[in-house]
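Enquirer: For reference, this is start.cif, and it has mmCIF, C-alpha atoms and all ligand atoms.
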data_structure
loop_
_atom_site.label_atom_id
_atom_site.label_comp_id
_atom_site.auth_asym_id
_atom_site.auth_seq_id
_atom_site.Cartn_x
_atom_site.Cartn_y
_atom_site.Cartn_z
CA MET D 1 32.32 -62.00 59.94
CA ALA D 2 31.22 -61.99 56.32
CA LYS D 3 33.81 -63.00 53.75
CA GLU D 4 35.32 -60.02 51.97
CA TYR D 5 36.49 -61.75 48.84
CA THR D 6 35.31 -64.08 46.10
CA VAL D 7 37.41 -66.75 44.38
CA THR D 8 35.73 -68.86 41.70
CA PRO D 9 36.90 -70.00 38.25
CA TRP D 10 35.05 -66.96 36.80
CA GLU D 11 35.43 -64.26 39.34
CA VAL D 12 38.14 -63.11 41.71
CA HIS D 13 37.74 -59.94 43.71
CA GLY D 14 38.23 -58.43 47.13
CA ASP D 15 41.11 -58.87 49.49
CA VAL D 16 41.84 -62.59 49.17
CA ASP D 17 42.77 -64.23 52.48
CA TYR D 18 44.95 -67.16 51.43
CA ASN D 19 45.07 -68.72 54.91
CA GLU D 20 41.31 -68.75 54.92
CA ILE D 21 41.23 -70.28 51.42
CA VAL D 22 43.38 -73.20 52.53
CA LYS D 23 40.75 -74.03 55.14
CA GLU D 24 37.74 -73.32 52.96
CA PHE D 25 38.97 -75.34 49.96
CA GLY D 26 40.47 -78.09 52.10
CA THR D 27 43.97 -77.81 50.63
CA LYS D 28 47.22 -77.99 52.61
CA GLU D 29 49.66 -75.19 53.22
CA ILE D 30 53.14 -75.73 51.77
CA ASP D 31 55.06 -75.59 55.03
CA ASP D 32 58.78 -75.40 55.70
CA SER D 33 59.16 -79.13 56.17
CA LEU D 34 57.69 -79.78 52.72
CA LEU D 35 59.95 -77.07 51.26
CA LYS D 36 62.94 -78.90 52.79
CA LYS D 37 61.85 -82.08 51.03
CA ILE D 38 61.49 -80.29 47.68
CA GLU D 39 64.92 -78.73 48.13
CA LYS D 40 66.45 -82.21 47.80
CA TYR D 41 65.77 -82.09 44.06
CA GLY D 42 67.37 -78.71 43.33
CA LYS D 43 67.51 -75.09 44.46
CA LEU D 44 64.01 -73.99 45.40
CA HIS D 45 62.30 -71.81 42.84
CA HIS D 46 61.82 -68.29 44.19
CA PHE D 47 58.03 -68.73 43.86
CA LEU D 48 58.39 -71.45 46.51
CA ARG D 49 60.89 -69.54 48.64
CA ARG D 50 58.51 -66.57 48.71
CA LYS D 51 55.36 -68.62 49.21
CA HIS D 52 53.72 -67.51 45.95
CA PHE D 53 53.00 -71.20 45.59
CA PHE D 54 51.37 -71.70 48.94
CA ALA D 55 49.09 -74.73 48.87
CA HIS D 56 48.98 -78.31 47.63
CA ARG D 57 47.23 -81.63 47.76
CA ASP D 58 49.23 -84.89 47.98
CA LEU D 59 52.47 -83.33 46.75
CA ASP D 60 54.24 -85.26 49.53
CA ILE D 61 52.80 -88.52 48.20
CA ILE D 62 53.90 -87.74 44.64
CA LEU D 63 57.44 -87.08 45.89
CA LYS D 64 57.55 -90.28 47.93
CA ASP D 65 56.48 -92.27 44.88
CA TYR D 66 59.02 -90.39 42.78
CA ASP D 67 61.77 -91.41 45.20
CA LYS D 68 60.70 -95.02 44.66
CA GLY D 69 61.18 -94.55 40.94
CA LYS D 70 57.55 -93.79 40.00
CA LYS D 71 57.51 -90.86 37.61
CA PHE D 72 54.72 -88.34 37.41
CA TYR D 73 53.18 -86.19 34.69
CA LEU D 74 52.46 -82.48 34.91
CA TYR D 75 49.19 -81.08 33.64
CA THR D 76 48.16 -77.47 33.26
CA GLY D 77 46.13 -75.36 30.83
CA ARG D 78 44.98 -72.10 29.34
CA SER D 79 41.55 -71.18 28.09
CA PRO D 80 42.09 -68.82 25.16
CA SER D 81 39.98 -65.67 25.27
CA GLY D 82 42.44 -62.80 24.89
CA PRO D 83 46.12 -61.87 25.04
CA ILE D 84 48.48 -63.34 27.64
CA HIS D 85 49.42 -61.09 30.54
CA LEU D 86 52.04 -61.41 33.29
CA GLY D 87 49.59 -63.02 35.70
CA HIS D 88 48.91 -65.91 33.32
CA MET D 89 52.60 -66.66 33.03
CA ILE D 90 53.30 -67.21 36.73
CA PRO D 91 52.01 -70.82 36.96
CA TRP D 92 53.59 -71.68 33.60
CA MET D 93 57.04 -70.37 34.58
CA PHE D 94 56.79 -72.59 37.62
CA THR D 95 55.56 -75.55 35.59
CA LYS D 96 58.67 -75.22 33.42
CA TRP D 97 60.81 -75.39 36.57
CA LEU D 98 58.94 -78.51 37.68
CA GLN D 99 59.45 -80.08 34.26
CA ASP D 100 63.19 -79.40 34.38
CA THR D 101 63.62 -80.41 38.01
CA PHE D 102 61.68 -83.67 37.84
CA ASP D 103 62.18 -84.50 34.16
CA ALA D 104 58.40 -84.73 33.92
CA PRO D 105 56.26 -84.95 30.79
CA LEU D 106 53.75 -82.09 30.56
CA LEU D 107 50.22 -82.13 29.18
CA PHE D 108 49.13 -78.60 28.31
CA GLN D 109 45.41 -78.31 27.68
CA ILE D 110 43.93 -75.54 25.54
CA PRO D 111 40.20 -75.78 26.22
CA ASP D 112 39.19 -73.76 23.19
CA GLU D 113 35.49 -74.25 23.98
CA GLU D 114 35.59 -73.09 27.61
CA LYS D 115 35.34 -69.32 27.32
CA PHE D 116 32.96 -69.67 24.35
CA LEU D 117 30.60 -71.55 26.65
CA PHE D 118 31.01 -69.33 29.70
CA LYS D 119 31.10 -65.90 28.09
CA ASN D 120 28.47 -64.17 26.00
CA ASN D 121 30.74 -62.25 23.72
CA LEU D 122 33.30 -64.70 22.38
CA THR D 123 32.81 -66.69 19.18
CA MET D 124 34.51 -70.03 18.50
CA GLU D 125 36.46 -68.32 15.68
CA GLU D 126 37.83 -65.74 18.11
CA SER D 127 38.69 -68.45 20.57
CA GLU D 128 40.67 -70.29 17.86
CA LYS D 129 42.49 -67.09 16.98
CA TRP D 130 43.51 -66.59 20.61
CA ALA D 131 44.49 -70.25 20.93
CA THR D 132 46.98 -69.83 18.06
CA ASP D 133 48.27 -66.62 19.65
CA ASN D 134 48.49 -67.91 23.23
CA ILE D 135 50.29 -71.13 22.24
CA LEU D 136 53.24 -68.99 21.05
CA ASP D 137 53.54 -67.39 24.49
CA ILE D 138 53.39 -70.80 26.13
CA ILE D 139 56.12 -72.24 23.91
CA ALA D 140 58.24 -69.10 24.44
CA LEU D 141 58.51 -69.93 28.14
CA GLY D 142 60.95 -72.68 27.21
CA PHE D 143 59.16 -75.99 27.65
CA ASP D 144 60.98 -78.99 26.22
CA HIS D 145 59.11 -80.11 23.09
CA LYS D 146 60.24 -83.71 23.63
CA LYS D 147 58.43 -83.75 26.95
CA THR D 148 55.50 -81.40 26.28
CA SER D 149 52.22 -81.98 24.48
CA ILE D 150 49.85 -79.10 23.79
CA PHE D 151 46.34 -79.98 22.68
CA LYS D 152 43.11 -78.15 21.94
CA ASN D 153 39.98 -79.83 23.22
CA THR D 154 38.15 -79.56 19.90
CA GLU D 155 41.09 -81.17 18.08
CA TYR D 156 41.95 -83.86 20.59
CA ALA D 157 38.33 -84.78 21.11
CA LYS D 158 38.56 -88.28 19.70
CA THR D 159 40.83 -89.28 22.58
CA MET D 160 39.26 -87.05 25.20
CA TYR D 161 35.56 -87.54 24.64
CA PRO D 162 35.29 -91.21 25.72
CA VAL D 163 37.07 -90.35 28.98
CA ALA D 164 34.89 -87.26 29.49
CA VAL D 165 31.81 -89.44 29.07
CA GLU D 166 32.97 -91.77 31.84
CA ILE D 167 33.70 -88.80 34.08
CA SER D 168 30.44 -86.98 33.38
CA LYS D 169 28.40 -90.04 34.32
CA ARG D 170 29.87 -89.75 37.83
CA ILE D 171 29.00 -86.09 38.38
CA THR D 172 25.42 -85.25 39.29
CA LEU D 173 23.75 -81.95 38.54
CA SER D 174 23.33 -81.28 42.23
CA LYS D 175 27.07 -81.75 42.75
CA ALA D 176 27.86 -79.36 39.89
CA LYS D 177 25.43 -76.84 41.34
CA ALA D 178 26.95 -77.11 44.79
CA VAL D 179 30.54 -76.77 43.56
CA PHE D 180 30.10 -74.15 40.82
CA GLY D 181 26.84 -72.44 41.70
CA TYR D 182 25.13 -73.29 38.38
CA THR D 183 21.48 -72.29 38.00
CA ASN D 184 18.62 -73.19 35.68
CA GLU D 185 19.89 -70.50 33.31
CA THR D 186 23.34 -72.08 32.92
CA ASN D 187 23.79 -73.66 29.47
CA ILE D 188 24.40 -77.40 29.50
CA GLY D 189 27.74 -77.08 27.68
CA SER D 190 29.14 -75.18 30.67
CA ILE D 191 27.89 -77.86 33.01
CA PHE D 192 29.56 -80.62 30.99
CA TYR D 193 32.78 -78.64 30.58
CA THR D 194 34.31 -79.64 33.91
CA ALA D 195 34.47 -83.23 32.65
CA MET D 196 36.73 -82.03 29.81
CA GLN D 197 39.02 -80.23 32.26
CA SER D 198 39.29 -83.44 34.31
CA VAL D 199 40.30 -85.67 31.41
CA PRO D 200 44.02 -84.74 31.18
CA ALA D 201 44.48 -85.68 34.85
CA PHE D 202 43.78 -89.29 33.81
CA LEU D 203 45.63 -89.27 30.50
CA PRO D 204 48.96 -90.18 32.18
CA SER D 205 47.45 -93.48 33.38
CA ILE D 206 45.77 -94.06 30.02
CA ARG D 207 48.95 -93.33 28.07
CA GLU D 208 51.20 -95.41 30.32
CA GLY D 209 48.71 -98.27 30.61
CA GLU D 210 49.09 -98.34 34.39
CA PRO D 211 48.15 -96.04 37.29
CA THR D 212 50.43 -93.00 36.87
CA ASN D 213 50.67 -89.94 39.08
CA CYS D 214 49.73 -86.50 37.87
CA LEU D 215 50.62 -83.14 39.43
CA ILE D 216 48.55 -80.11 38.41
CA PRO D 217 50.04 -76.63 38.96
CA TYR D 218 47.31 -73.97 38.90
CA ALA D 219 46.20 -70.68 40.40
CA ILE D 220 43.83 -71.40 43.24
CA ASP D 221 40.69 -70.20 41.40
CA GLN D 222 40.71 -73.46 39.37
CA ASP D 223 40.37 -75.57 42.49
CA PRO D 224 36.65 -76.39 42.17
CA HIS D 225 37.30 -78.30 38.94
CA PHE D 226 39.99 -80.42 40.49
CA ARG D 227 38.05 -81.17 43.66
CA ILE D 228 35.61 -82.87 41.32
CA THR D 229 38.42 -84.62 39.44
CA ARG D 230 39.74 -86.04 42.72
CA ASP D 231 36.26 -87.19 43.68
CA VAL D 232 35.77 -89.06 40.44
CA ALA D 233 39.29 -90.58 40.12
CA PRO D 234 38.86 -93.62 42.40
CA LYS D 235 35.47 -94.37 40.85
CA LEU D 236 37.25 -94.83 37.52
CA GLY D 237 40.28 -96.61 38.97
CA TYR D 238 42.74 -93.74 38.48
CA PRO D 239 45.01 -92.18 41.14
CA LYS D 240 43.77 -88.85 42.45
CA PRO D 241 45.78 -86.04 40.85
CA ALA D 242 47.98 -84.00 43.18
CA SER D 243 48.04 -80.22 42.95
CA ILE D 244 50.28 -77.26 43.69
CA ASN D 245 48.63 -73.85 43.84
CA CYS D 246 49.71 -70.26 43.48
CA LYS D 247 48.32 -66.95 44.60
CA PHE D 248 47.28 -64.33 42.04
CA LEU D 249 49.67 -61.73 40.71
CA PRO D 250 48.16 -58.43 41.93
CA SER D 251 46.97 -55.97 39.31
CA LEU D 252 48.78 -52.65 38.85
CA LYS D 253 46.20 -50.94 40.99
CA GLY D 254 46.75 -53.45 43.75
CA ASP D 255 43.62 -55.58 43.35
CA SER D 256 43.98 -59.25 44.15
CA LYS D 257 44.24 -60.45 40.56
CA MET D 258 45.49 -59.08 37.28
CA SER D 259 42.61 -59.15 34.81
CA SER D 260 42.82 -58.81 31.06
CA SER D 261 39.52 -56.97 30.90
CA ILE D 262 41.08 -53.81 32.36
CA ASN D 263 43.87 -52.61 30.10
CA GLU D 264 45.48 -50.11 32.49
CA THR D 265 45.94 -52.59 35.30
CA CYS D 266 47.48 -55.22 33.14
CA ILE D 267 50.89 -55.76 31.51
CA TYR D 268 50.60 -57.93 28.42
CA ALA D 269 53.30 -60.32 27.22
CA GLY D 270 53.55 -58.24 24.06
CA ASP D 271 53.75 -54.78 25.67
CA SER D 272 56.59 -52.54 24.50
CA PRO D 273 59.13 -51.09 26.98
CA GLU D 274 57.36 -47.73 26.64
CA GLU D 275 53.95 -49.21 27.43
CA VAL D 276 55.39 -50.99 30.46
CA SER D 277 57.03 -47.87 31.84
CA SER D 278 54.07 -45.63 31.21
CA LYS D 279 51.58 -48.06 32.83
CA ILE D 280 53.77 -48.65 35.88
CA ARG D 281 54.60 -44.96 36.35
CA LYS D 282 50.98 -43.94 35.97
CA TYR D 283 49.04 -46.72 37.63
CA ALA D 284 51.17 -48.87 39.95
CA PHE D 285 49.70 -48.57 43.43
CA SER D 286 52.34 -47.08 45.68
CA GLY D 287 53.14 -47.79 49.30
CA GLY D 288 55.04 -44.50 49.47
CA ARG D 289 54.15 -41.51 51.63
CA ASP D 290 52.35 -38.38 50.48
CA THR D 291 55.31 -36.04 50.72
CA LEU D 292 59.03 -36.47 50.23
CA LYS D 293 59.66 -35.31 53.77
CA GLU D 294 57.25 -37.79 55.28
CA HIS D 295 58.61 -40.62 53.09
CA ARG D 296 62.20 -39.94 54.17
CA LYS D 297 61.10 -39.86 57.80
CA LYS D 298 58.67 -42.78 57.98
CA GLY D 299 59.62 -44.89 54.95
CA GLY D 300 57.41 -46.70 52.43
CA ASN D 301 55.31 -49.83 52.85
CA PRO D 302 56.59 -52.57 50.50
CA ASN D 303 53.81 -54.95 51.51
CA ILE D 304 51.15 -52.92 49.72
CA ASP D 305 53.38 -51.49 46.99
CA VAL D 306 52.67 -53.15 43.65
CA ALA D 307 56.09 -52.36 42.14
CA TYR D 308 57.69 -54.16 45.09
CA GLN D 309 55.19 -57.02 44.98
CA TRP D 310 55.96 -57.57 41.31
CA LEU D 311 59.69 -57.63 42.06
CA THR D 312 59.04 -60.57 44.39
CA TYR D 313 57.90 -62.43 41.26
CA PHE D 314 60.35 -61.15 38.67
CA GLU D 315 63.57 -60.48 40.65
CA GLU D 316 65.02 -63.89 41.45
CA ASP D 317 67.98 -62.60 43.45
CA ASP D 318 67.07 -62.69 47.15
CA LYS D 319 69.85 -60.29 48.13
CA LYS D 320 68.81 -57.66 45.60
CA LEU D 321 65.20 -57.97 46.67
CA GLU D 322 66.12 -57.61 50.31
CA GLN D 323 68.16 -54.49 49.61
CA VAL D 324 65.20 -52.91 47.83
CA TYR D 325 62.89 -53.89 50.68
CA HIS D 326 65.04 -52.25 53.33
CA ALA D 327 65.89 -49.19 51.27
CA TYR D 328 62.21 -48.59 50.61
CA LYS D 329 61.10 -49.29 54.15
CA SER D 330 63.72 -46.95 55.57
CA GLY D 331 62.71 -44.09 53.26
CA GLU D 332 66.02 -44.06 51.44
CA LEU D 333 64.41 -45.34 48.21
CA LEU D 334 61.53 -43.28 46.83
CA SER D 335 58.40 -44.66 45.26
CA GLY D 336 59.36 -43.31 41.83
CA GLU D 337 62.78 -44.93 42.10
CA LEU D 338 61.26 -48.25 43.12
CA LYS D 339 58.98 -48.08 40.10
CA GLU D 340 61.99 -47.57 37.82
CA ILE D 341 63.62 -50.71 39.26
CA CYS D 342 60.41 -52.61 38.62
CA ILE D 343 60.12 -51.25 35.06
CA GLU D 344 63.67 -52.31 34.26
CA THR D 345 63.11 -55.81 35.69
CA ILE D 346 59.83 -56.38 33.85
CA ASN D 347 61.23 -55.05 30.59
CA LYS D 348 64.21 -57.37 30.84
CA PHE D 349 61.87 -60.30 31.38
CA LEU D 350 59.61 -59.28 28.49
CA SER D 351 62.46 -58.63 26.11
CA THR D 352 63.68 -62.22 26.61
CA HIS D 353 60.14 -63.49 26.30
CA GLN D 354 59.38 -61.56 23.13
CA LYS D 355 62.57 -62.75 21.45
CA ALA D 356 61.70 -66.36 22.27
CA ARG D 357 58.13 -65.81 21.09
CA ALA D 358 59.32 -64.60 17.70
CA LYS D 359 61.01 -67.99 17.26
CA ALA D 360 58.08 -70.01 18.62
CA GLU D 361 56.00 -70.12 15.44
CA SER D 362 58.33 -72.59 13.74
CA LYS D 363 58.21 -74.91 16.76
CA VAL D 364 54.44 -75.19 17.15
CA GLU D 365 54.06 -78.46 15.27
CA LYS D 366 56.64 -80.13 17.50
CA PHE D 367 54.38 -79.50 20.48
CA MET D 368 50.89 -80.13 19.15
CA LEU D 369 49.10 -83.33 20.03
CA ARG D 370 46.27 -84.37 17.71
CA ASP D 371 44.30 -87.47 16.98
N1 LIG V 1 40.17 -73.28 33.04
C1 LIG V 1 41.48 -72.72 32.81
C2 LIG V 1 41.32 -71.24 32.36
O1 LIG V 1 40.30 -70.65 32.52
C3 LIG V 1 42.23 -73.49 31.76
C4 LIG V 1 42.70 -74.84 32.23
C5 LIG V 1 42.36 -76.05 31.68
C6 LIG V 1 43.60 -75.12 33.28
N2 LIG V 1 42.98 -77.06 32.30
C7 LIG V 1 43.75 -76.54 33.30
C8 LIG V 1 44.30 -74.33 34.19
C9 LIG V 1 44.60 -77.14 34.23
C10 LIG V 1 45.14 -74.93 35.11
C11 LIG V 1 45.27 -76.34 35.13
O2 LIG V 1 42.25 -70.65 31.83
#
For this file, write the structure as structure tokens.
Ligand code: TRP

Expert:
Amino acid sequence: MAKEYTVTPWEVHGDVDYNEIVKEFGTKEIDDSLLKKIEKYGKLHHFLRRKHFFAHRDLDIILKDYDKGKKFYLYTGRSPSGPIHLGHMIPWMFTKWLQDTFDAPLLFQIPDEEKFLFKNNLTMEESEKWATDNILDIIALGFDHKKTSIFKNTEYAKTMYPVAVEISKRITLSKAKAVFGYTNETNIGSIFYTAMQSVPAFLPSIREGEPTNCLIPYAIDQDPHFRITRDVAPKLGYPKPASINCKFLPSLKGDSKMSSSINETCIYAGDSPEEVSSKIRKYAFSGGRDTLKEHRKKGGNPNIDVAYQWLTYFEEDDKKLEQVYHAYKSGELLSGELKEICIETINKFLSTHQKARAKAESKVEKFMLRD
């Protein structure tokens, strides 16, 4: 049967089959025995309990090393090209939990050249503007400035470029074509870019002066880059980075991934309570029945209901979530009522976020890494 979805670093659409992805990308499912191991270090984050983080590579190895006293670094990133929305924040919220749980230093890459190279309609000036904007949202999520370094590729180039050169020498054009689908029309900056995204995976070893583990949390669309990173690592004498991968937060209309290009299907980090409620009321795809009578009789379908799906991300309390699930499924809770619960939960989250963001500006310099 033909595949009914696409997942690449540039394009995600269709009904993503995450079990299939695990096989296709050659990652490993995060199974219950691995969850038990992670539980040793603290209460499992609800993204793990609910399998939003569903796949990994070598996480078990990183943990074994950690138990022997070998620390690891975290590495993640954001390519600035527009405002931050809820979907972007999922891997970062989890990264913060990893930082707190494992007392791990975090390298946060801002590849300010990436979207300039890959898109036709973004200038470097715009990219810089969004970098400044997006960094405030990142800081607002509560990372510890003593353990977190944020760097823009164009600014940290003096350190990064020599490493990128070593990496790029080990990636052939045919490999890049096979992994990313590049053609003769692809500009050469885009082709080189993957080397820049690999660099921070090796910075832990370079900074520590000895082989040092690195764990990269990311949404699964970034996987092609890190397959290449893992390929190159042993050739340069670095440990292969481990990874932990999440699914995409569905858009309001129920598509696989929230996308900033479609305003109605997206909740931005800066949306007001009114914008949030109007978008959810108007656009959130409902698993409810057509008529009140039918809904009361047959109940709603939480599995396709976006308001419910979002609660699985933003309502941490398992008991509350379970109550909502059963009330909706039994027909006791109506679709409109479920949406109101979702609106309240998202607005609570955003109100906290926006307050923290207002204080982030004064902290920026504590986080920035330059050379
Ligand atoms: N390419 C990512 C994006 O489009 C940004 C990024 C850079 C990243 N390094 C990363 C994402 C490491 C996850 C992990 O936003």

Enquirer: Just want the 8 Å neighbourhood of Ile110 (chain D), counted on all atoms listed in the file, with same-chain residues fewer than 4 positions away dropped. Output as JSON, numbers by chain.

Expert: {"D": [77, 78, 79, 80, 131, 150, 151, 152, 153]}

Enquirer: Can you pull out the residues contacting Leu338 (chain D)? Cut-off 8 Å, using only C-alpha atoms, and skip same-chain residues under 5 positions away; I want them as a list of chain:residue names.

Expert: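 In the requested format, the answer is D:Ala307, D:Tyr308, D:Val324, D:Tyr328, D:Leu333.
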
Enquirer: Which is closer to Ile90 (chain D) than all the others in D:Phe349, D:Tyr41, D:Phe47, D:Tyr73, using all atoms listed in the file?

Expert: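 Nearest to Ile90 (chain D): D:Phe47.
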
Enquirer: Could the residues of chain D that have an atom at most 9 Å from ligand LIG 1 (chain V) be listed as a tab-separated table, each with its closest atom pair and the distance in Å to one decimal, counting only C-alpha atoms and all ligand atoms and ordered by chain and ascending residue number?

Expert:
residue	atom	partner	partner_atom	distance
D:Pro9	CA	V:LIG1	O1	6.7
D:Trp10	CA	V:LIG1	O1	7.7
D:Tyr75	CA	V:LIG1	C9	6.1
D:Thr76	CA	V:LIG1	C11	3.6
D:Gly77	CA	V:LIG1	C6	3.5
D:Arg78	CA	V:LIG1	C3	3.9
D:Ser79	CA	V:LIG1	O2	3.8
D:Pro80	CA	V:LIG1	O2	6.9
D:Ser81	CA	V:LIG1	O2	8.5
D:His88	CA	V:LIG1	O2	8.3
D:Pro91	CA	V:LIG1	C10	8.2
D:Phe108	CA	V:LIG1	N2	7.5
D:Gln109	CA	V:LIG1	N2	5.4
D:Ile110	CA	V:LIG1	C5	6.4
D:Pro111	CA	V:LIG1	C5	5.9
D:Glu114	CA	V:LIG1	N1	7.1
D:Lys115	CA	V:LIG1	O1	7.3
D:Thr194	CA	V:LIG1	N1	8.7
D:Met196	CA	V:LIG1	N2	8.4
D:Gln197	CA	V:LIG1	N2	5.1
D:Ser198	CA	V:LIG1	N2	7.6
D:Pro200	CA	V:LIG1	N2	7.8
D:Ala201	CA	V:LIG1	C9	8.6
D:Ile216	CA	V:LIG1	C11	6.0
D:Pro217	CA	V:LIG1	C11	6.1
D:Tyr218	CA	V:LIG1	C10	4.5
D:Ala219	CA	V:LIG1	C10	6.9
D:Ile220	CA	V:LIG1	C10	9.0
D:Asp221	CA	V:LIG1	O1	8.9
D:Gln222	CA	V:LIG1	C10	6.3
D:Asp223	CA	V:LIG1	C10	8.8
D:His225	CA	V:LIG1	N1	8.3
D:Phe226	CA	V:LIG1	C9	8.4

Enquirer: With C-alpha atoms kept, could you save the residues just selected as a CSV table (one decimal), in the coordinates of the input?

Expert:
chain,number,residue,atom,x,y,z
D,9,PRO,CA,36.9,-70.0,38.2
D,10,TRP,CA,35.0,-67.0,36.8
D,75,TYR,CA,49.2,-81.1,33.6
D,76,THR,CA,48.2,-77.5,33.3
D,77,GLY,CA,46.1,-75.4,30.8
D,78,ARG,CA,45.0,-72.1,29.3
D,79,SER,CA,41.6,-71.2,28.1
D,80,PRO,CA,42.1,-68.8,25.2
D,81,SER,CA,40.0,-65.7,25.3
D,88,HIS,CA,48.9,-65.9,33.3
D,91,PRO,CA,52.0,-70.8,37.0
D,108,PHE,CA,49.1,-78.6,28.3
D,109,GLN,CA,45.4,-78.3,27.7
D,110,ILE,CA,43.9,-75.5,25.5
D,111,PRO,CA,40.2,-75.8,26.2
D,114,GLU,CA,35.6,-73.1,27.6
D,115,LYS,CA,35.3,-69.3,27.3
D,194,THR,CA,34.3,-79.6,33.9
D,196,MET,CA,36.7,-82.0,29.8
D,197,GLN,CA,39.0,-80.2,32.3
D,198,SER,CA,39.3,-83.4,34.3
D,200,PRO,CA,44.0,-84.7,31.2
D,201,ALA,CA,44.5,-85.7,34.8
D,216,ILE,CA,48.6,-80.1,38.4
D,217,PRO,CA,50.0,-76.6,39.0
D,218,TYR,CA,47.3,-74.0,38.9
D,219,ALA,CA,46.2,-70.7,40.4
D,220,ILE,CA,43.8,-71.4,43.2
D,221,ASP,CA,40.7,-70.2,41.4
D,222,GLN,CA,40.7,-73.5,39.4
D,223,ASP,CA,40.4,-75.6,42.5
D,225,HIS,CA,37.3,-78.3,38.9
D,226,PHE,CA,40.0,-80.4,40.5

Enquirer: Give the answer as one residue: which of D:Ile262, D:Lys158, D:Trp92, D:Phe102 has the shortest atom-to-atom distance to Tyr66 (chain D), using only C-alpha atoms?

Expert: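 Checking each candidate against Tyr66 (chain D), we get D:Phe102 as the closest.
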
Enquirer: Within 7 Å of (29.7, -83.0, 36.9) (coordinates as in the file), grab all the protein and nucleic acid residues, counting only C-alpha atoms, and write them out as a VMD selection string.

Expert: chain D and resid 168 170 to 173 175 to 176 191 to 192 194 to 195

Enquirer: Generate the missing atoms of region 337-341 of chain D up to all heavy atoms and report them as a compact mmCIF listing (two decimals), in the coordinates of the input.

Expert:
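Generated file (part_7.txt):
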# COMPACT_ATOMS: atom_id res chain seq x y z
N GLU D 337 61.55 -44.15 42.36
CA GLU D 337 62.78 -44.93 42.10
C GLU D 337 62.50 -46.42 42.12
O GLU D 337 63.02 -47.19 41.31
CB GLU D 337 63.85 -44.57 43.14
CG GLU D 337 64.33 -43.13 43.03
CD GLU D 337 65.11 -42.66 44.25
OE1 GLU D 337 64.96 -43.23 45.36
OE2 GLU D 337 65.85 -41.67 44.10
N LEU D 338 61.66 -46.84 43.04
CA LEU D 338 61.26 -48.25 43.12
C LEU D 338 60.55 -48.67 41.83
O LEU D 338 60.79 -49.74 41.27
CB LEU D 338 60.36 -48.48 44.35
CG LEU D 338 59.72 -49.85 44.51
CD1 LEU D 338 60.75 -50.96 44.51
CD2 LEU D 338 58.91 -49.90 45.81
N LYS D 339 59.68 -47.79 41.35
CA LYS D 339 58.98 -48.08 40.10
C LYS D 339 59.96 -48.27 38.94
O LYS D 339 59.78 -49.15 38.10
CB LYS D 339 57.98 -46.97 39.76
CG LYS D 339 56.72 -47.01 40.60
CD LYS D 339 55.68 -46.01 40.10
CE LYS D 339 54.43 -46.08 40.97
NZ LYS D 339 53.30 -45.36 40.37
N GLU D 340 61.00 -47.44 38.91
CA GLU D 340 61.99 -47.57 37.82
C GLU D 340 62.70 -48.93 37.89
O GLU D 340 62.97 -49.54 36.87
CB GLU D 340 63.01 -46.43 37.84
CG GLU D 340 62.41 -45.04 37.52
CD GLU D 340 61.57 -45.01 36.25
OE1 GLU D 340 62.04 -45.48 35.20
OE2 GLU D 340 60.42 -44.51 36.31
N ILE D 341 62.99 -49.39 39.11
CA ILE D 341 63.62 -50.71 39.26
C ILE D 341 62.68 -51.79 38.73
O ILE D 341 63.07 -52.70 38.01
CB ILE D 341 63.97 -50.99 40.75
CG1 ILE D 341 65.00 -49.98 41.25
CG2 ILE D 341 64.47 -52.42 40.93
CD1 ILE D 341 65.28 -50.07 42.74
